[in-house]
Amino acid sequence: MTATQMPPAVRPSGAAAAKKAAGRRREGAAWVFLSPWVLGACVLTLLPMAVSLYLSFTDYDLFNPPNWVGLRNYTQMFTEDPRYWRSVVTTLTYVVIAVPLQLGLALVVALALKNMRRGRGFYRSAFYAPSLLGASMSIALVWRAVFNDGGTVDNLLGTGGWVNRPGWSLLAVALLTVWQFGAPMVIFLAGLQQIPGELYEAAEVDGAGKWRQFLSITVPMLSPVIFFNVVLQTIQAFQVFTPAFAVSAGKGGPADSTLVYTLYLYDRAFVASHMGYASAMAWVLLVVIGAVTAVLFRTSRSWVFYASEGER
């Protein structure tokens, strides 16, 4: 072989070529099956998000072409709109009330069902049933009737209609969320059933009582499930809309006591027709939820225990 000659190209064997072609066909088939989801994600999610981001920098009222105003919507939101800040405070108050109460009740019921031998399936289904109804308008309207003047709560406690009292109306909204504790309860119950019984037996031999077992065994072993429920329910709480809308008849009253963030966003978008302003509010909410979720993940390193890894 001379210096100018090159070795002949090595051609793949017939089996290797056939295997490569089969891999390409499988990849093509996978993309064909994924294409409806990809198309739906682009058309129904990514494209509306891009349009919403653009509208957040415009003055748009649904009837006239968008007019670019830059950061004016955000500036007005943070410096010129007192109702915006009332909606922020109301939403934060709702999150602080609803999430701990809902998860606490879900955990208590899950602990009770864990040790139940007879009828556990029935009670589990019964407690989960309200979650199947979701935050529907019909349920919210029934809830409004229960807490209205002359309703069940008024007749039992004689405290007047909660939905008409600024100091109590938000609590009525939060209790509707707490009542629908079935989904986190089922998740807690599944997590409790994964805790080895030998741990409790060893703790009893060492003389640990039920409360000590709960703090030293149940909470650490259940911490990943607790963390999952906290993240999920917190995200949902920031987006609460239907209960507040039904209880306040869409006004956020009385005295803006139920004016949660999404309800005020709805008011700006579909009542006042300030779609650009509402789009800016939506993007601020997205950023806040992302930041809160990131903080929860960051702090989880100090209290979430993964038994498989043997570390926090």
# chains A, B, ... in the order shown; residues from 1 in each chain; ligands from 1
call {"tool": "residues_around", "arguments": {"residues": "Arg120 of chain A", "least_positions_apart": "6", "cutoff": "12 Å", "atoms": "only C-alpha atoms", "output": "PyMOL selection string"}}
result
chain A and resi 109-114+126-128+186+189
call {"tool": "write_last_selection", "arguments": {"atoms": "C-alpha atoms", "output": "mmCIF file, in the first residue's frame"}}
result
data_model
loop_
_atom_site.group_PDB
_atom_site.id
_atom_site.type_symbol
_atom_site.label_atom_id
_atom_site.label_comp_id
_atom_site.auth_asym_id
_atom_site.auth_seq_id
_atom_site.Cartn_x
_atom_site.Cartn_y
_atom_site.Cartn_z
ATOM 1 C CA VAL A 109 -57.849 10.443 59.107
ATOM 2 C CA ALA A 110 -55.135 8.405 57.344
ATOM 3 C CA LEU A 111 -53.665 7.402 60.712
ATOM 4 C CA ALA A 112 -57.114 6.334 61.898
ATOM 5 C CA LEU A 113 -57.772 4.300 58.746
ATOM 6 C CA LYS A 114 -54.363 2.627 58.861
ATOM 7 C CA ALA A 126 -66.471 7.959 51.767
ATOM 8 C CA PHE A 127 -63.726 10.379 52.790
ATOM 9 C CA TYR A 128 -62.355 10.474 49.238
ATOM 10 C CA VAL A 186 -55.160 8.577 50.193
ATOM 11 C CA LEU A 189 -52.471 6.277 53.728
#
call {"tool": "residues_around", "arguments": {"residues": "Ala269 of chain A", "least_positions_apart": "2", "cutoff": "12 Å", "atoms": "only C-alpha atoms", "output": "VMD selection string"}}
result
chain A and resid 52 55 to 56 59 to 62 262 to 267 271 to 282
call {"tool": "select_by_dssp", "arguments": {"residues": "segment 78-249 of chain A", "states": "alpha helix (DSSP H)", "output": "JSON, numbers by chain"}}
result
{"A": [78, 79, 82, 83, 84, 85, 86, 87, 88, 89, 90, 91, 92, 93, 94, 95, 96, 97, 98, 99, 100, 101, 102, 103, 104, 105, 106, 107, 108, 109, 110, 111, 112, 113, 114, 120, 121, 122, 123, 124, 125, 126, 127, 128, 129, 130, 131, 132, 133, 137, 138, 139, 140, 141, 142, 143, 144, 145, 146, 152, 153, 154, 155, 156, 157, 169, 170, 171, 172, 173, 174, 175, 176, 177, 178, 179, 182, 183, 184, 185, 186, 187, 188, 189, 190, 191, 192, 193, 197, 198, 199, 200, 201, 202, 203, 204, 205, 210, 211, 212, 213, 219, 220, 221, 222, 223, 224, 225, 226, 227, 228, 229, 230, 231, 232, 233, 234, 235, 236, 237, 238, 242, 243, 244, 245, 246, 247]}
call {"tool": "closest_atom_pairs", "arguments": {"of": "segment 78-150 of chain A", "to": "segment 239-250 of chain A", "cutoff": "6 Å", "atoms": "only C-alpha atoms", "output": "Markdown table"}}
result
| residue | atom | partner | partner_atom | distance |
| --- | --- | --- | --- | --- |
| A:Ala140 | CA | A:Pro243 | CA | 5.3 |
| A:Leu141 | CA | A:Ala246 | CA | 5.7 |
| A:Arg144 | CA | A:Val247 | CA | 5.1 |
call {"tool": "write_last_selection", "arguments": {"atoms": "N, CA and C atoms", "output": "PDB file, in the first residue's frame"}}
result
ATOM      1  N   ALA A 140     -69.786  24.633  45.541  1.00  0.00           N
ATOM      2  CA  ALA A 140     -69.491  25.928  46.144  1.00  0.00           C
ATOM      3  C   ALA A 140     -70.774  26.694  46.464  1.00  0.00           C
ATOM      4  N   LEU A 141     -71.780  26.574  45.614  1.00  0.00           N
ATOM      5  CA  LEU A 141     -73.048  27.251  45.878  1.00  0.00           C
ATOM      6  C   LEU A 141     -73.759  26.637  47.087  1.00  0.00           C
ATOM      7  N   ARG A 144     -72.058  27.974  50.034  1.00  0.00           N
ATOM      8  CA  ARG A 144     -72.494  29.342  50.313  1.00  0.00           C
ATOM      9  C   ARG A 144     -73.822  29.337  51.075  1.00  0.00           C
TER      10      ARG A 144
END
call {"tool": "select_by_dssp", "arguments": {"residues": "segment 38-262 of chain A", "states": "strand (DSSP E)", "output": "number ranges by chain"}}
result
A: 58-59, 67-68
call {"tool": "residues_around", "arguments": {"residues": "Gln102 of chain A", "least_positions_apart": "6", "cutoff": "8 Å", "atoms": "only C-alpha atoms", "output": "number ranges by chain"}}
result
A: 177-181
call {"tool": "residues_around", "arguments": {"residues": "Trp68 of chain A", "least_positions_apart": "2", "cutoff": "7 Å", "atoms": "only C-alpha atoms", "output": "ChimeraX atom specification"}}
result
/A:57-59,66,70
call {"tool": "write_last_selection", "arguments": {"atoms": "C-alpha atoms", "output": "PDB file, in the first residue's frame"}}
result
ATOM      1  CA  PHE A  57     -46.667  44.295  27.871  1.00  0.00           C
ATOM      2  CA  THR A  58     -49.660  45.773  26.042  1.00  0.00           C
ATOM      3  CA  ASP A  59     -52.886  47.644  26.669  1.00  0.00           C
ATOM      4  CA  PRO A  66     -53.015  45.488  21.443  1.00  0.00           C
ATOM      5  CA  GLY A  70     -43.819  48.124  27.981  1.00  0.00           C
TER       6      GLY A  70
END
call {"tool": "closest_residue", "arguments": {"among": "A:Tyr84, A:Trp211, A:Tyr261, A:Trp162", "to": "Ala237 of chain A", "atoms": "only C-alpha atoms"}}
result
A:Tyr261
call {"tool": "residues_around", "arguments": {"residues": "segment 290-296 of chain A", "least_positions_apart": "2", "cutoff": "9 Å", "atoms": "only C-alpha atoms", "output": "list in words"}}
result
Phe227, Val230, Val231, Thr234, Ile235, Leu285, Leu286, Val287, Val288, Arg298, Thr299 and Ser300 of chain A
call {"tool": "write_last_selection", "arguments": {"atoms": "C-alpha atoms", "output": "mmCIF file, in the first residue's frame"}}
result
data_model
loop_
_atom_site.group_PDB
_atom_site.id
_atom_site.type_symbol
_atom_site.label_atom_id
_atom_site.label_comp_id
_atom_site.auth_asym_id
_atom_site.auth_seq_id
_atom_site.Cartn_x
_atom_site.Cartn_y
_atom_site.Cartn_z
ATOM 1 C CA PHE A 227 -43.348 17.063 51.231
ATOM 2 C CA VAL A 230 -47.294 20.213 50.790
ATOM 3 C CA VAL A 231 -45.959 21.143 47.349
ATOM 4 C CA THR A 234 -49.663 24.817 48.083
ATOM 5 C CA ILE A 235 -49.620 25.186 44.305
ATOM 6 C CA LEU A 285 -48.496 34.459 39.777
ATOM 7 C CA LEU A 286 -46.527 31.929 37.729
ATOM 8 C CA VAL A 287 -43.222 33.386 38.933
ATOM 9 C CA VAL A 288 -44.380 33.454 42.560
ATOM 10 C CA ARG A 298 -34.550 23.946 48.955
ATOM 11 C CA THR A 299 -35.745 23.659 52.542
ATOM 12 C CA SER A 300 -36.720 20.003 52.094
#
call {"tool": "atom_distance", "arguments": {"atom1": "atom CA of Leu222 of chain A", "atom2": "atom CA of Leu192 of chain A"}}
result
6.8 Å
call {"tool": "closest_residue", "arguments": {"among": "A:Ala129, A:Ile195, A:Ile217, A:Leu171", "to": "Thr90 of chain A", "atoms": "only C-alpha atoms"}}
result
A:Leu171
call {"tool": "residues_around", "arguments": {"residues": "Val163 of chain A", "least_positions_apart": "5", "cutoff": "8 Å", "atoms": "only C-alpha atoms", "output": "PyMOL selection string"}}
result
chain A and resi 144+147-148+168-170+172+247-248+254
call {"tool": "write_last_selection", "arguments": {"atoms": "C-alpha atoms", "output": "short mmCIF file (atom, residue, chain, number, x, y, z; two decimals), in the first residue's frame"}}
result
data_model
loop_
_atom_site.label_atom_id
_atom_site.label_comp_id
_atom_site.auth_asym_id
_atom_site.auth_seq_id
_atom_site.Cartn_x
_atom_site.Cartn_y
_atom_site.Cartn_z
CA ARG A 144 -72.49 29.34 50.31
CA PHE A 147 -72.71 29.49 55.62
CA ASN A 148 -75.22 32.18 54.57
CA TRP A 168 -65.32 35.00 58.65
CA SER A 169 -65.94 34.80 54.91
CA LEU A 170 -62.40 33.72 54.00
CA ALA A 172 -65.70 29.66 54.96
CA VAL A 247 -69.14 32.41 48.05
CA SER A 248 -68.76 36.08 47.11
CA PRO A 254 -67.67 41.48 51.67
#
call {"tool": "closest_residue", "arguments": {"among": "A:Gly119, A:Ser257, A:Thr218, A:Val95", "to": "Gln193 of chain A", "atoms": "only C-alpha atoms"}}
result
A:Thr218
call {"tool": "atom_distance", "arguments": {"atom1": "atom CA of Arg165 of chain A", "atom2": "atom CA of Asp256 of chain A"}}
result
10.8 Å
call {"tool": "closest_residue", "arguments": {"among": "A:Pro184, A:Gly23, A:Gly167, A:Gly197", "to": "Ala106 of chain A", "atoms": "only C-alpha atoms"}}
result
A:Pro184
call {"tool": "decode", "arguments": {"residues": "segment 82-105 of chain A", "atoms": "N, CA and C atoms", "output": "compact mmCIF listing (two decimals), in the first residue's frame"}}
result
# COMPACT_ATOMS: atom_id res chain seq x y z
N PRO A 82 -54.16 49.40 44.87
CA PRO A 82 -54.29 48.85 46.24
C PRO A 82 -55.09 47.55 46.27
N ARG A 83 -56.04 47.37 45.36
CA ARG A 83 -56.81 46.12 45.36
C ARG A 83 -55.93 44.95 44.98
N TYR A 84 -54.92 45.18 44.18
CA TYR A 84 -53.99 44.10 43.84
C TYR A 84 -53.30 43.58 45.09
N TRP A 85 -52.82 44.51 45.93
CA TRP A 85 -52.12 44.08 47.14
C TRP A 85 -53.08 43.46 48.15
N ARG A 86 -54.35 43.90 48.14
CA ARG A 86 -55.32 43.23 49.00
C ARG A 86 -55.55 41.79 48.55
N SER A 87 -55.57 41.58 47.24
CA SER A 87 -55.73 40.22 46.73
C SER A 87 -54.52 39.36 47.08
N VAL A 88 -53.33 39.95 47.08
CA VAL A 88 -52.12 39.20 47.46
C VAL A 88 -52.20 38.78 48.92
N VAL A 89 -52.55 39.73 49.79
CA VAL A 89 -52.64 39.42 51.22
C VAL A 89 -53.73 38.38 51.48
N THR A 90 -54.87 38.51 50.81
CA THR A 90 -55.96 37.55 50.99
C THR A 90 -55.54 36.16 50.55
N THR A 91 -54.83 36.08 49.43
CA THR A 91 -54.39 34.77 48.94
C THR A 91 -53.38 34.14 49.88
N LEU A 92 -52.42 34.92 50.36
CA LEU A 92 -51.44 34.39 51.30
C LEU A 92 -52.11 33.91 52.59
N THR A 93 -53.09 34.69 53.07
CA THR A 93 -53.83 34.28 54.26
C THR A 93 -54.56 32.97 54.03
N TYR A 94 -55.18 32.87 52.86
CA TYR A 94 -55.90 31.64 52.52
C TYR A 94 -54.95 30.44 52.49
N VAL A 95 -53.78 30.60 51.87
CA VAL A 95 -52.81 29.51 51.78
C VAL A 95 -52.36 29.07 53.18
N VAL A 96 -52.08 30.05 54.04
CA VAL A 96 -51.61 29.74 55.39
C VAL A 96 -52.69 29.02 56.20
N ILE A 97 -53.96 29.34 55.96
CA ILE A 97 -55.05 28.70 56.70
C ILE A 97 -55.39 27.34 56.10
N ALA A 98 -55.60 27.29 54.80
CA ALA A 98 -56.18 26.11 54.16
C ALA A 98 -55.22 24.94 54.08
N VAL A 99 -53.97 25.18 53.69
CA VAL A 99 -53.04 24.07 53.45
C VAL A 99 -52.74 23.31 54.73
N PRO A 100 -52.32 23.97 55.85
CA PRO A 100 -52.07 23.18 57.06
C PRO A 100 -53.30 22.46 57.59
N LEU A 101 -54.48 23.12 57.56
CA LEU A 101 -55.69 22.47 58.05
C LEU A 101 -56.05 21.26 57.20
N GLN A 102 -55.96 21.39 55.91
CA GLN A 102 -56.31 20.28 55.03
C GLN A 102 -55.36 19.10 55.21
N LEU A 103 -54.06 19.37 55.22
CA LEU A 103 -53.08 18.29 55.35
C LEU A 103 -53.12 17.68 56.75
N GLY A 104 -53.34 18.51 57.78
CA GLY A 104 -53.45 17.97 59.13
C GLY A 104 -54.64 17.03 59.26
N LEU A 105 -55.78 17.44 58.75
CA LEU A 105 -56.97 16.58 58.81
C LEU A 105 -56.76 15.31 57.99
